[in-house]
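A quick write-up on the structure given underneath.
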Protein chains: 4
Amino acid sequence: MAETMKRWVIDAYGRKHLKLETVPIPRPGPREILVQARAVSLNYRDQQILEREAGHPLEFPFIPGSDLAGVVVEVGAEVTRFRTGDRVITTFVPGWIDGPRPGTARNPSYLTFGGVKQGVLAGYTVLHEDWAVASPATLTDAEASTLPVAGLTAWFALIHQGALRAGQTVVIQGTGGVALFGLQLARAHGAQVIITSSEEAKLERAKELGATWGIHRKTEDWVEAVWRITGDRGADHVLEIAGGANLGRSIQATAVGGHVWVIGVIEGWEVSGPVGPLILKTVNVHGIMTGHRRSLEELVRAIDRIGLKPVIDAEYPFASVPAAFNHLERGPFGKIVVRLD
Amino acid sequence: MAETMKRWVIDAYGRKHLKLETVPIPRPGPREILVQARAVSLNYRDQQILEREAGHPLEFPFIPGSDLAGVVVEVGAEVTRFRTGDRVITTFVPGWIDGPRPGTARNPSYLTFGGVKQGVLAGYTVLHEDWAVASPATLTDAEASTLPVAGLTAWFALIHQGALRAGQTVVIQGTGGVALFGLQLARAHGAQVIITSSEEAKLERAKELGATWGIHRKTEDWVEAVWRITGDRGADHVLEIAGGANLGRSIQATAVGGHVWVIGVIEGWEVSGPVGPLILKTVNVHGIMTGHRRSLEELVRAIDRIGLKPVIDAEYPFASVPAAFNHLERGPFGKIVVRLD
Amino acid sequence: MAETMKRWVIDAYGRKHLKLETVPIPRPGPREILVQARAVSLNYRDQQILEREAGHPLEFPFIPGSDLAGVVVEVGAEVTRFRTGDRVITTFVPGWIDGPRPGTARNPSYLTFGGVKQGVLAGYTVLHEDWAVASPATLTDAEASTLPVAGLTAWFALIHQGALRAGQTVVIQGTGGVALFGLQLARAHGAQVIITSSEEAKLERAKELGATWGIHRKTEDWVEAVWRITGDRGADHVLEIAGGANLGRSIQATAVGGHVWVIGVIEGWEVSGPVGPLILKTVNVHGIMTGHRRSLEELVRAIDRIGLKPVIDAEYPFASVPAAFNHLERGPFGKIVVRLD
Amino acid sequence: MAETMKRWVIDAYGRKHLKLETVPIPRPGPREILVQARAVSLNYRDQQILEREAGHPLEFPFIPGSDLAGVVVEVGAEVTRFRTGDRVITTFVPGWIDGPRPGTARNPSYLTFGGVKQGVLAGYTVLHEDWAVASPATLTDAEASTLPVAGLTAWFALIHQGALRAGQTVVIQGTGGVALFGLQLARAHGAQVIITSSEEAKLERAKELGATWGIHRKTEDWVEAVWRITGDRGADHVLEIAGGANLGRSIQATAVGGHVWVIGVIEGWEVSGPVGPLILKTVNVHGIMTGHRRSLEELVRAIDRIGLKPVIDAEYPFASVPAAFNHLERGPFGKIVVRLD
């Protein structure tokens, strides 16, 4: 094995400071594994963190990225969960195995890879064995890298907590990574999906993926359209990705007793909405930011069994991380993945 | 039985138009019961409706009031649920027997007594037999009249949906009707209660009723106080009664995975809050506006078995309804009841 | 409209007493509808009731059958839910609209069509408007008639209560009506299905319908097979249809925290099992006998949206009801339907 | 600190082989803590294991006992959860932190202290830091030692999973350790409790503890009594402790949609019951054998806040363990505790 590896870091806030550097490959401790990276999936949040929009204080040099797929190349003496050669992906929130998310009311947990904690845009990463999950056998590493944030967020909201079922209607805002996982997972459970977007071409692609209806946000009143499509009933679930005052519109679009899942990609913003429809329809609004490890393992099992293939808009070589971020900023259809193989 | 009765009505929006008039006593249809009023409990919402703040279009002459306790004096030919002499209370939402609340996403149901529908501030009221519930045997009529809105709202949120349990912490904002039911019900399930108020005297009275802690909203940062009292964990449940930007503060006070119950007394307002703590703590925000009839029956059974006595701040004779509304406006400690016996 | 109709009745216990007679067509009361039968689906229970195995006391002459699909031909003066010409199906338990099943601990409710109550194997049937649901637009009447018992039982267990999801494994015993609905509904939610049967040909047909695995009950130890197929994990859900000591085997086949749904077709029998695996795996055993009307409406919506087609093994003309019962006794693959059109 | 300690062991199956021996005090590894025993609570299961009734293969010399309360006297280098001087209790199932119980369908987990694993009837015990929980501040060590099995089993069933609430009725069979915790916890949540026993004196003591009704099992038909007491409704929850054919009677006593919690003290036995009331009342039967660590922590918090005091029938000095087992065999009222201080 090589002695050194490359990694992307910033020394100051701002994407423009991204640089590739060469450092020694780290060694795993007793309960740690060393993972050779094969693919890293980017999230819009990575960009916000680099630009300090997310409000996290970073320790420089800082490695971005949270979603790693790779292969275990070395294990510490006490490791029992993995062996050399195992394909693994990261868990986004280190230590969240099951049950409630870590943190307290006063101090919510910001501890995530590529957030407060160092990220994974490097040739090799050392992980505690509890912070990794076996990759799905049916996915490539590029595809597997999309699960820890985008896949798990959609699964944890709609399936794990939401218990979505056939015959229900889901409104999904946009066509980013979480959105398209939401679309695919809802379809795999027999639900019908209404996608909203401001680009006709993306609506068409979403329909090819199984979206039952597409609503153009700029030419139509999307809440009115949801009411019309559902015969006034409204949506059983809304994946609220836009945030801000859009929450109020999502509540208006929601059926009596329905659920709005506020997804975590746009941190630090205010959400707002009218209390009337909230209480008259007993709507439930849930904050969601990925999920626990057991749920990720369930997602992996589901993906292997139903043959779901994550939607990757583009793959970039490791040397082209800045170009990958540029693409991310333009708004991809699904995921952007950086490949290291 | 008399031929005529008195009732309070308005002929135009505004409490100042309240007047007492004499009309014939109505007769029940085949599936209806005629209830002689013994007590009517007022809610802040009644005032909002009179002043058109709630946005409901009313049909004049309009009888205010939704929460009636009385005795069945006549039953229609097909009535099976009640007999003459039975003590009953109203259900707030006619026809909501079980399961989801009536209404659709486009048209949430405003159909409530003393709302769109005519109210109960009258000597006699005709009710469909499905819209009444047997009164608790252990309560007076004045006490029983406080259950349909204030009691059921607290029960439906904290107990029916919230499954509150011993060792949990509940934050309750204020000392109105819903608030004090929340306090008593939480204590009856072994939970500890933090009451917030802007009046020291009310905090003292709340402690006498079992509140574990009182926080003076004007002299203390109540969120900081909740964090301190709970050792940073936060509250498992918050009864959000104030609305508006206070929702954001409630979310901050809430524990990881906790619940904020947005209560329906202040209709038509905007709520808002920061998305960061919502998603990092996976907080759940639920709109609540009373509950279904089966839940009201469970509350009645619980009250009879645990001996809970609703807190009535003052009782007014039927002739003094305007004075009762004045008291309501000043902010009572618990409930205001109009008596007709 | 004709003045008379035909109906099947017995005057004494025993299928051999089935006879076709001509009687006047009944008239609906104020809240009733008159339904012209198009199809009646038979259940194994119908046979048990005729033979007095179910223990119900019947009132002779007794009309068998509970699952009716037909068209509304007349409505009572106060009917609001349906109009003439509407296609409808029956609800199996009259009056179970939502929430808990009717009945008490002392007196469980036996009140079902074709049970204590008169059945539907007749040219016309009068129903309270609350006891019918609109037929799925995408199903024929023959198909629609299979929903009230077989379809709803599978849906209420696995989907409504069980919240089945993709990646889970369901064991389904046999290939009768409930079993094949369970298979189709589980597949529609992304779950994999293990079917057990004592006939190789039925296992093959089940696989064509989507069963992931088939286990021949006579040549294999089915519990051992479930363990092997699931990598020791066991099944998340078992549809327990056989009853008796088989419950113990179902518990052994169930995953930690999994669910066994004891289905109601074989009434009056003892179930038994070892307590060790029950408690060490915290297994949950649930009694199920169809579901409430709201759940049937959700099933109808789901079927229309996912395009599920019930499996009908054979259809018989109304004159051949005895032959239909003979087929039922031999053990059909899916449902037996009697057609009246 | 001393170099040696005493401990109780058997070298062959059978309580008669119990002997006290002196061995060196063990040392904790890096993530382990050394706990000096203050109290050990016995369970009926301990006796079954000694007599090989539970079917577990033991490794001799075998130390019995699972429920330890003590004080941390030494911590390993990597321990973060505890410090020297902390009062702790054991978790019954090592490694069950949250979520589903360990084990698979094929291999349910028997791994418990004093079961397959060595027990705690010793002066000192080494524990992985993850397998202990801070003792309640308001309980003595003797009281605290009763929580890991008896307290947690009742809490996990009735409160954590059962979400018991005020106004509900619980039937509790007997007056052993789990039974009396069930009684106290149900009362603390406003439920009423029916205790069954075959000893009038124990019924009287149970009533002093808050039982609403006592049923003498030998002089009354307890199912009939439950129906009568509940006005035919039946019990919302039954703590099924007897096992065997009694399960059938418990199902008969249960309300529509109610729950029977099959408790794990009588391992290896068959349970049985009639399927009729199971399905007609949609009864839910759940296997329970203690609970996860998070739930134990919630129980500790609840106990500290509501002031619940476990019922200890007798305390024995460490030298009198055989006498303690004799008492256990006679059927104590509540718990038997061995003290080491």
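By convention here, the chains of the structure tokens are called A, B, ... in the order presented, each chain's residues are numbered starting at 1, and ligands are numbered starting at 1 in the order presented.
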
Using only C-alpha atoms, determine which residues lie at most 12 Å from Ala314 (chain D), disregarding the query and same-chain residues fewer than 4 positions distant; provide the list as a PyMOL selection string.
chain D and resi 41-42+142-143+177+310+320-321+323-328+331-339

Chain A least-squares fitted onto chain C over all paired Cα atoms, as a CSV table (one decimal) with C-alpha atoms, in the first residue's frame:
```
chain,number,residue,atom,x,y,z
A,1,MET,CA,-87.7,-3.1,-12.0
A,2,ALA,CA,-88.9,-6.6,-11.2
A,3,GLU,CA,-91.0,-7.3,-8.2
A,4,THR,CA,-89.4,-10.6,-7.2
A,5,MET,CA,-85.9,-11.9,-6.9
A,6,LYS,CA,-84.1,-15.2,-6.3
A,7,ARG,CA,-82.0,-15.9,-3.3
A,8,TRP,CA,-80.1,-18.9,-1.8
A,9,VAL,CA,-81.2,-20.0,1.7
A,10,ILE,CA,-80.9,-22.8,4.1
A,11,ASP,CA,-83.7,-23.9,6.5
A,12,ALA,CA,-81.4,-26.0,8.6
A,13,TYR,CA,-77.7,-26.3,9.2
A,14,GLY,CA,-75.7,-28.0,6.5
A,15,ARG,CA,-74.7,-27.1,3.0
A,16,LYS,CA,-76.9,-29.9,1.6
A,17,HIS,CA,-79.9,-27.8,2.6
A,18,LEU,CA,-79.0,-24.9,0.2
A,19,LYS,CA,-81.9,-24.0,-2.0
A,20,LEU,CA,-82.9,-21.3,-4.4
A,21,GLU,CA,-86.1,-19.5,-3.7
A,22,THR,CA,-88.1,-16.6,-5.1
A,23,VAL,CA,-89.2,-13.8,-2.8
A,24,PRO,CA,-90.3,-10.1,-3.2
A,25,ILE,CA,-87.5,-7.6,-3.7
A,26,PRO,CA,-87.1,-5.7,-0.4
A,27,ARG,CA,-87.5,-1.9,-0.2
A,28,PRO,CA,-84.9,0.5,1.4
A,29,GLY,CA,-85.8,2.5,4.5
A,30,PRO,CA,-84.9,6.2,4.9
A,31,ARG,CA,-81.1,5.8,5.3
A,32,GLU,CA,-80.9,2.6,3.3
A,33,ILE,CA,-79.9,1.7,-0.2
A,34,LEU,CA,-81.1,-1.2,-2.4
A,35,VAL,CA,-78.2,-2.9,-4.2
A,36,GLN,CA,-78.7,-5.2,-7.2
A,37,ALA,CA,-76.1,-7.9,-6.9
A,38,ARG,CA,-73.5,-8.4,-9.6
A,39,ALA,CA,-71.1,-10.7,-7.8
A,40,VAL,CA,-70.7,-12.4,-4.5
A,41,SER,CA,-67.3,-13.7,-3.4
A,42,LEU,CA,-67.3,-16.8,-1.1
A,43,ASN,CA,-65.1,-17.4,1.9
A,44,TYR,CA,-64.2,-20.6,3.7
A,45,ARG,CA,-66.0,-19.1,6.6
A,46,ASP,CA,-69.3,-19.2,4.7
A,47,GLN,CA,-69.0,-23.0,4.6
A,48,GLN,CA,-68.1,-23.2,8.3
A,49,ILE,CA,-71.2,-21.1,9.1
A,50,LEU,CA,-73.5,-23.3,7.0
A,51,GLU,CA,-72.1,-26.4,8.8
A,52,ARG,CA,-72.4,-24.8,12.2
A,53,GLU,CA,-68.6,-25.1,12.7
A,54,ALA,CA,-68.4,-21.4,13.5
A,55,GLY,CA,-70.8,-21.7,16.4
A,56,HIS,CA,-73.1,-18.9,15.3
A,57,PRO,CA,-76.8,-19.4,15.9
A,58,LEU,CA,-78.6,-18.6,12.7
A,59,GLU,CA,-82.1,-17.5,12.0
A,60,PHE,CA,-83.8,-19.6,9.3
A,61,PRO,CA,-84.3,-19.2,6.5
A,62,PHE,CA,-80.7,-18.0,6.4
A,63,ILE,CA,-79.0,-16.4,3.4
A,64,PRO,CA,-75.3,-17.1,3.2
A,65,GLY,CA,-72.5,-14.9,1.9
A,66,SER,CA,-70.9,-11.6,3.1
A,67,ASP,CA,-69.0,-10.1,0.1
A,68,LEU,CA,-71.2,-8.3,-2.3
A,69,ALA,CA,-70.5,-6.1,-5.3
A,70,GLY,CA,-73.4,-4.5,-7.0
A,71,VAL,CA,-75.1,-1.4,-8.2
A,72,VAL,CA,-77.4,0.9,-6.2
A,73,VAL,CA,-80.8,0.8,-7.8
A,74,GLU,CA,-82.8,2.7,-5.2
A,75,VAL,CA,-82.0,5.1,-2.3
A,76,GLY,CA,-83.9,6.0,0.8
A,77,ALA,CA,-85.1,9.6,1.4
A,78,GLU,CA,-82.3,10.5,3.8
A,79,VAL,CA,-79.4,8.8,2.0
A,80,THR,CA,-76.4,11.1,1.3
A,81,ARG,CA,-73.5,8.8,0.6
A,82,PHE,CA,-74.7,7.2,-2.6
A,83,ARG,CA,-76.9,7.7,-5.7
A,84,THR,CA,-78.7,5.4,-8.0
A,85,GLY,CA,-76.2,3.9,-10.4
A,86,ASP,CA,-73.3,3.9,-8.0
A,87,ARG,CA,-71.2,0.7,-7.9
A,88,VAL,CA,-70.7,-0.5,-4.3
A,89,ILE,CA,-69.3,-3.2,-2.1
A,90,THR,CA,-70.3,-4.2,1.4
A,91,THR,CA,-68.4,-3.7,4.6
A,92,PHE,CA,-68.1,-7.0,6.4
A,93,VAL,CA,-68.7,-5.7,9.9
A,94,PRO,CA,-71.8,-3.4,9.8
A,95,GLY,CA,-71.1,-0.2,11.8
A,96,TRP,CA,-67.4,-0.5,12.1
A,97,ILE,CA,-66.5,2.9,10.6
A,98,ASP,CA,-63.2,3.6,12.2
A,99,GLY,CA,-61.2,3.1,15.4
A,100,PRO,CA,-61.7,-0.1,17.5
A,101,ARG,CA,-63.8,-3.0,16.3
A,102,PRO,CA,-67.3,-3.1,17.9
A,103,GLY,CA,-68.1,-5.4,20.9
A,104,THR,CA,-66.8,-5.9,24.4
A,105,ALA,CA,-64.6,-8.3,26.3
A,106,ARG,CA,-67.6,-10.3,27.4
A,107,ASN,CA,-69.4,-10.1,24.1
A,108,PRO,CA,-67.2,-9.9,21.1
A,109,SER,CA,-69.1,-8.8,18.0
A,110,TYR,CA,-70.2,-11.6,15.8
A,111,LEU,CA,-72.4,-9.2,13.8
A,112,THR,CA,-71.3,-9.7,10.2
A,113,PHE,CA,-73.1,-10.2,6.9
A,114,GLY,CA,-73.8,-13.9,6.3
A,115,GLY,CA,-72.8,-14.6,9.9
A,116,VAL,CA,-75.3,-13.8,12.6
A,117,LYS,CA,-76.8,-11.3,10.2
A,118,GLN,CA,-78.4,-12.4,7.0
A,119,GLY,CA,-76.1,-12.6,4.0
A,120,VAL,CA,-76.1,-11.4,0.4
A,121,LEU,CA,-76.5,-14.4,-1.9
A,122,ALA,CA,-79.6,-12.8,-3.4
A,123,GLY,CA,-80.6,-10.8,-6.4
A,124,TYR,CA,-81.1,-7.7,-4.3
A,125,THR,CA,-79.9,-6.6,-0.8
A,126,VAL,CA,-80.9,-3.7,1.3
A,127,LEU,CA,-78.0,-2.0,3.1
A,128,HIS,CA,-77.7,0.9,5.5
A,129,GLU,CA,-75.8,3.5,3.5
A,130,ASP,CA,-73.0,3.5,6.1
A,131,TRP,CA,-72.3,-0.2,5.4
A,132,ALA,CA,-71.2,0.2,1.8
A,133,VAL,CA,-68.2,1.6,0.0
A,134,ALA,CA,-67.8,2.7,-3.6
A,135,SER,CA,-66.3,0.0,-5.7
A,136,PRO,CA,-62.8,0.5,-7.3
A,137,ALA,CA,-63.2,2.0,-10.7
A,138,THR,CA,-60.5,-0.2,-12.1
A,139,LEU,CA,-62.1,-3.6,-11.1
A,140,THR,CA,-64.9,-5.6,-12.5
A,141,ASP,CA,-67.7,-6.4,-10.1
A,142,ALA,CA,-66.4,-9.9,-9.7
A,143,GLU,CA,-63.0,-8.6,-8.7
A,144,ALA,CA,-64.5,-5.9,-6.5
A,145,SER,CA,-66.5,-8.5,-4.6
A,146,THR,CA,-63.2,-10.1,-3.3
A,147,LEU,CA,-62.3,-7.0,-1.2
A,148,PRO,CA,-64.6,-6.9,1.8
A,149,VAL,CA,-63.1,-9.9,3.6
A,150,ALA,CA,-60.0,-11.3,1.8
A,151,GLY,CA,-58.6,-8.0,0.5
A,152,LEU,CA,-59.3,-6.0,3.6
A,153,THR,CA,-57.9,-8.6,6.0
A,154,ALA,CA,-54.6,-8.7,4.2
A,155,TRP,CA,-54.5,-4.9,3.9
A,156,PHE,CA,-55.5,-4.2,7.5
A,157,ALA,CA,-52.9,-6.6,8.9
A,158,LEU,CA,-49.9,-6.0,6.7
A,159,ILE,CA,-50.3,-2.4,5.6
A,160,HIS,CA,-52.7,-0.6,7.9
A,161,GLN,CA,-51.4,-2.0,11.2
A,162,GLY,CA,-48.2,-3.6,10.1
A,163,ALA,CA,-46.8,-0.7,8.0
A,164,LEU,CA,-44.9,-3.2,5.9
A,165,ARG,CA,-42.0,-1.7,3.9
A,166,ALA,CA,-39.6,-2.5,1.2
A,167,GLY,CA,-36.8,-4.9,2.1
A,168,GLN,CA,-39.0,-6.7,4.7
A,169,THR,CA,-39.9,-10.4,4.4
A,170,VAL,CA,-43.4,-11.8,4.7
A,171,VAL,CA,-44.3,-15.5,5.2
A,172,ILE,CA,-47.7,-16.3,3.8
A,173,GLN,CA,-49.2,-19.7,4.5
A,174,GLY,CA,-51.2,-21.1,1.6
A,175,THR,CA,-52.6,-19.7,-1.5
A,176,GLY,CA,-56.2,-18.9,-0.6
A,177,GLY,CA,-57.9,-15.5,-0.9
A,178,VAL,CA,-56.3,-13.7,2.0
A,179,ALA,CA,-53.0,-15.3,1.2
A,180,LEU,CA,-52.8,-14.1,-2.4
A,181,PHE,CA,-54.0,-10.6,-1.5
A,182,GLY,CA,-51.2,-10.6,1.1
A,183,LEU,CA,-48.7,-11.7,-1.6
A,184,GLN,CA,-49.8,-9.0,-4.0
A,185,LEU,CA,-50.0,-6.2,-1.4
A,186,ALA,CA,-46.6,-7.1,0.0
A,187,ARG,CA,-45.1,-7.1,-3.4
A,188,ALA,CA,-46.7,-3.7,-4.2
A,189,HIS,CA,-44.8,-2.3,-1.1
A,190,GLY,CA,-41.4,-3.7,-2.1
A,191,ALA,CA,-41.4,-6.6,0.3
A,192,GLN,CA,-40.3,-10.1,-0.5
A,193,VAL,CA,-42.7,-13.0,0.0
A,194,ILE,CA,-42.2,-16.6,1.0
A,195,ILE,CA,-45.2,-18.7,0.2
A,196,THR,CA,-45.8,-22.1,1.8
A,197,SER,CA,-48.0,-24.7,0.3
A,198,SER,CA,-48.4,-28.4,0.0
A,199,GLU,CA,-48.9,-28.3,-3.7
A,200,GLU,CA,-46.0,-27.7,-6.1
A,201,ALA,CA,-48.3,-26.4,-8.8
A,202,LYS,CA,-49.7,-23.7,-6.5
A,203,LEU,CA,-46.2,-22.6,-5.5
A,204,GLU,CA,-45.4,-22.2,-9.2
A,205,ARG,CA,-48.5,-20.1,-9.7
A,206,ALA,CA,-47.6,-18.0,-6.7
A,207,LYS,CA,-44.2,-17.3,-8.1
A,208,GLU,CA,-45.7,-16.2,-11.3
A,209,LEU,CA,-47.7,-13.7,-9.2
A,210,GLY,CA,-44.5,-12.4,-7.6
A,211,ALA,CA,-43.7,-14.7,-4.7
A,212,THR,CA,-39.9,-14.5,-4.2
A,213,TRP,CA,-39.7,-18.0,-2.8
A,214,GLY,CA,-42.0,-21.0,-2.4
A,215,ILE,CA,-41.7,-23.6,0.3
A,216,HIS,CA,-43.3,-27.0,-0.1
A,217,ARG,CA,-44.7,-27.8,3.4
A,218,LYS,CA,-44.6,-31.5,3.0
A,219,THR,CA,-41.1,-32.0,1.7
A,220,GLU,CA,-39.4,-29.2,3.6
A,221,ASP,CA,-39.2,-27.9,7.2
A,222,TRP,CA,-40.7,-24.5,6.4
A,223,VAL,CA,-39.4,-22.8,9.6
A,224,GLU,CA,-35.9,-24.0,8.8
A,225,ALA,CA,-36.4,-22.8,5.2
A,226,VAL,CA,-37.4,-19.3,6.4
A,227,TRP,CA,-34.4,-19.1,8.6
A,228,ARG,CA,-32.1,-20.1,5.7
A,229,ILE,CA,-33.7,-17.8,3.2
A,230,THR,CA,-33.5,-14.8,5.5
A,231,GLY,CA,-29.9,-15.5,6.6
A,232,ASP,CA,-31.2,-16.5,10.1
A,233,ARG,CA,-33.0,-13.1,10.6
A,234,GLY,CA,-36.5,-14.5,10.2
A,235,ALA,CA,-39.6,-13.0,8.8
A,236,ASP,CA,-40.8,-9.5,9.7
A,237,HIS,CA,-44.4,-10.6,9.2
A,238,VAL,CA,-46.2,-13.9,9.1
A,239,LEU,CA,-49.7,-14.3,7.9
A,240,GLU,CA,-50.8,-17.1,10.2
A,241,ILE,CA,-53.7,-18.8,8.4
A,242,ALA,CA,-53.5,-22.4,9.5
A,243,GLY,CA,-54.0,-21.8,13.2
A,244,GLY,CA,-53.6,-24.4,15.9
A,245,ALA,CA,-50.1,-25.5,16.9
A,246,ASN,CA,-48.9,-23.8,13.7
A,247,LEU,CA,-48.8,-20.6,15.6
A,248,GLY,CA,-45.8,-21.9,17.5
A,249,ARG,CA,-44.0,-22.6,14.3
A,250,SER,CA,-44.9,-19.1,13.0
A,251,ILE,CA,-43.4,-17.6,16.1
A,252,GLN,CA,-40.2,-19.6,15.5
A,253,ALA,CA,-40.0,-18.3,12.0
A,254,THR,CA,-40.5,-14.6,13.1
A,255,ALA,CA,-37.7,-12.1,13.4
A,256,VAL,CA,-36.9,-10.3,16.6
A,257,GLY,CA,-39.6,-7.7,17.1
A,258,GLY,CA,-41.7,-9.2,14.2
A,259,HIS,CA,-45.4,-9.7,13.8
A,260,VAL,CA,-47.6,-12.7,13.5
A,261,TRP,CA,-51.1,-11.9,12.1
A,262,VAL,CA,-53.6,-14.5,13.1
A,263,ILE,CA,-56.3,-14.4,10.4
A,264,GLY,CA,-59.9,-15.0,11.1
A,265,VAL,CA,-61.0,-17.7,8.8
A,266,ILE,CA,-60.7,-20.7,11.1
A,267,GLU,CA,-62.8,-19.7,14.0
A,268,GLY,CA,-63.2,-21.4,17.3
A,269,TRP,CA,-59.9,-23.2,17.4
A,270,GLU,CA,-57.1,-23.2,19.9
A,271,VAL,CA,-53.8,-21.7,19.0
A,272,SER,CA,-50.6,-22.6,20.9
A,273,GLY,CA,-46.9,-22.0,20.9
A,274,PRO,CA,-43.7,-22.0,23.0
A,275,VAL,CA,-43.3,-19.0,25.2
A,276,GLY,CA,-39.5,-19.0,24.9
A,277,PRO,CA,-39.1,-17.5,21.4
A,278,LEU,CA,-42.1,-15.3,22.0
A,279,ILE,CA,-40.4,-13.4,24.8
A,280,LEU,CA,-36.8,-13.8,23.8
A,281,LYS,CA,-37.6,-12.3,20.4
A,282,THR,CA,-40.4,-9.9,21.7
A,283,VAL,CA,-42.7,-11.2,19.0
A,284,ASN,CA,-46.1,-9.6,18.6
A,285,VAL,CA,-49.2,-11.8,17.8
A,286,HIS,CA,-52.2,-9.9,16.6
A,287,GLY,CA,-55.8,-11.2,16.0
A,288,ILE,CA,-57.3,-9.8,12.8
A,289,MET,CA,-60.7,-10.2,11.3
A,290,THR,CA,-61.1,-7.8,8.4
A,291,GLY,CA,-60.9,-4.0,9.3
A,292,HIS,CA,-62.9,-0.8,9.5
A,293,ARG,CA,-64.6,1.1,6.7
A,294,ARG,CA,-62.0,3.8,6.4
A,295,SER,CA,-59.4,1.2,5.8
A,296,LEU,CA,-61.5,-0.5,3.1
A,297,GLU,CA,-61.8,2.9,1.4
A,298,GLU,CA,-58.0,3.2,1.6
A,299,LEU,CA,-57.6,-0.2,0.0
A,300,VAL,CA,-60.0,0.8,-2.8
A,301,ARG,CA,-57.9,3.9,-3.5
A,302,ALA,CA,-54.7,1.9,-3.4
A,303,ILE,CA,-56.1,-0.7,-5.8
A,304,ASP,CA,-57.2,1.9,-8.3
A,305,ARG,CA,-53.8,3.5,-8.2
A,306,ILE,CA,-51.5,0.6,-8.3
A,307,GLY,CA,-53.6,-1.5,-10.7
A,308,LEU,CA,-53.8,-4.6,-8.5
A,309,LYS,CA,-56.0,-7.3,-9.9
A,310,PRO,CA,-57.4,-9.8,-7.4
A,311,VAL,CA,-56.9,-13.4,-8.2
A,312,ILE,CA,-60.1,-15.3,-9.0
A,313,ASP,CA,-59.7,-19.0,-9.4
A,314,ALA,CA,-63.2,-19.5,-10.8
A,315,GLU,CA,-66.5,-17.8,-11.4
A,316,TYR,CA,-69.8,-19.6,-11.1
A,317,PRO,CA,-73.2,-18.5,-12.3
A,318,PHE,CA,-75.8,-17.7,-9.6
A,319,ALA,CA,-77.6,-21.0,-10.3
A,320,SER,CA,-74.4,-23.0,-9.5
A,321,VAL,CA,-73.7,-21.9,-5.9
A,322,PRO,CA,-73.5,-25.5,-4.7
A,323,ALA,CA,-70.7,-26.2,-7.2
A,324,ALA,CA,-69.0,-23.0,-6.1
A,325,PHE,CA,-69.0,-24.3,-2.5
A,326,ASN,CA,-67.6,-27.6,-3.7
A,327,HIS,CA,-64.7,-25.8,-5.3
A,328,LEU,CA,-64.2,-23.8,-2.1
A,329,GLU,CA,-63.9,-27.0,-0.2
A,330,ARG,CA,-61.2,-28.3,-2.5
A,331,GLY,CA,-59.0,-25.3,-1.8
A,332,PRO,CA,-59.0,-22.7,-4.5
A,333,PHE,CA,-56.0,-20.7,-5.7
A,334,GLY,CA,-57.3,-17.3,-4.7
A,335,LYS,CA,-61.0,-16.5,-4.8
A,336,ILE,CA,-64.3,-18.2,-5.8
A,337,VAL,CA,-66.9,-15.7,-7.1
A,338,VAL,CA,-70.6,-16.2,-7.9
A,339,ARG,CA,-71.8,-13.9,-10.7
A,340,LEU,CA,-75.3,-12.5,-11.1
A,341,ASP,CA,-75.0,-10.4,-14.2
```

Would you please give, as a count of residues only, all residues of region 31-98 of chain B that DSSP assigns to alpha helix (DSSP H) based on the backbone?
7

Quick check for you: according to DSSP on this backbone, which residues of region 43-190 of chain B are classed as strand (DSSP E)? Reply as a list in words.
Asp67, Leu68, Ala69, Gly70, Val71, Val72, Val73, Glu74, Val75, Arg87, Val88, Ile89, Thr90, Tyr124, Thr125, Val126, Leu127, His128, Ala132, Val133, Ala134, Thr169, Val170, Val171, Ile172 and Gln173 of chain B
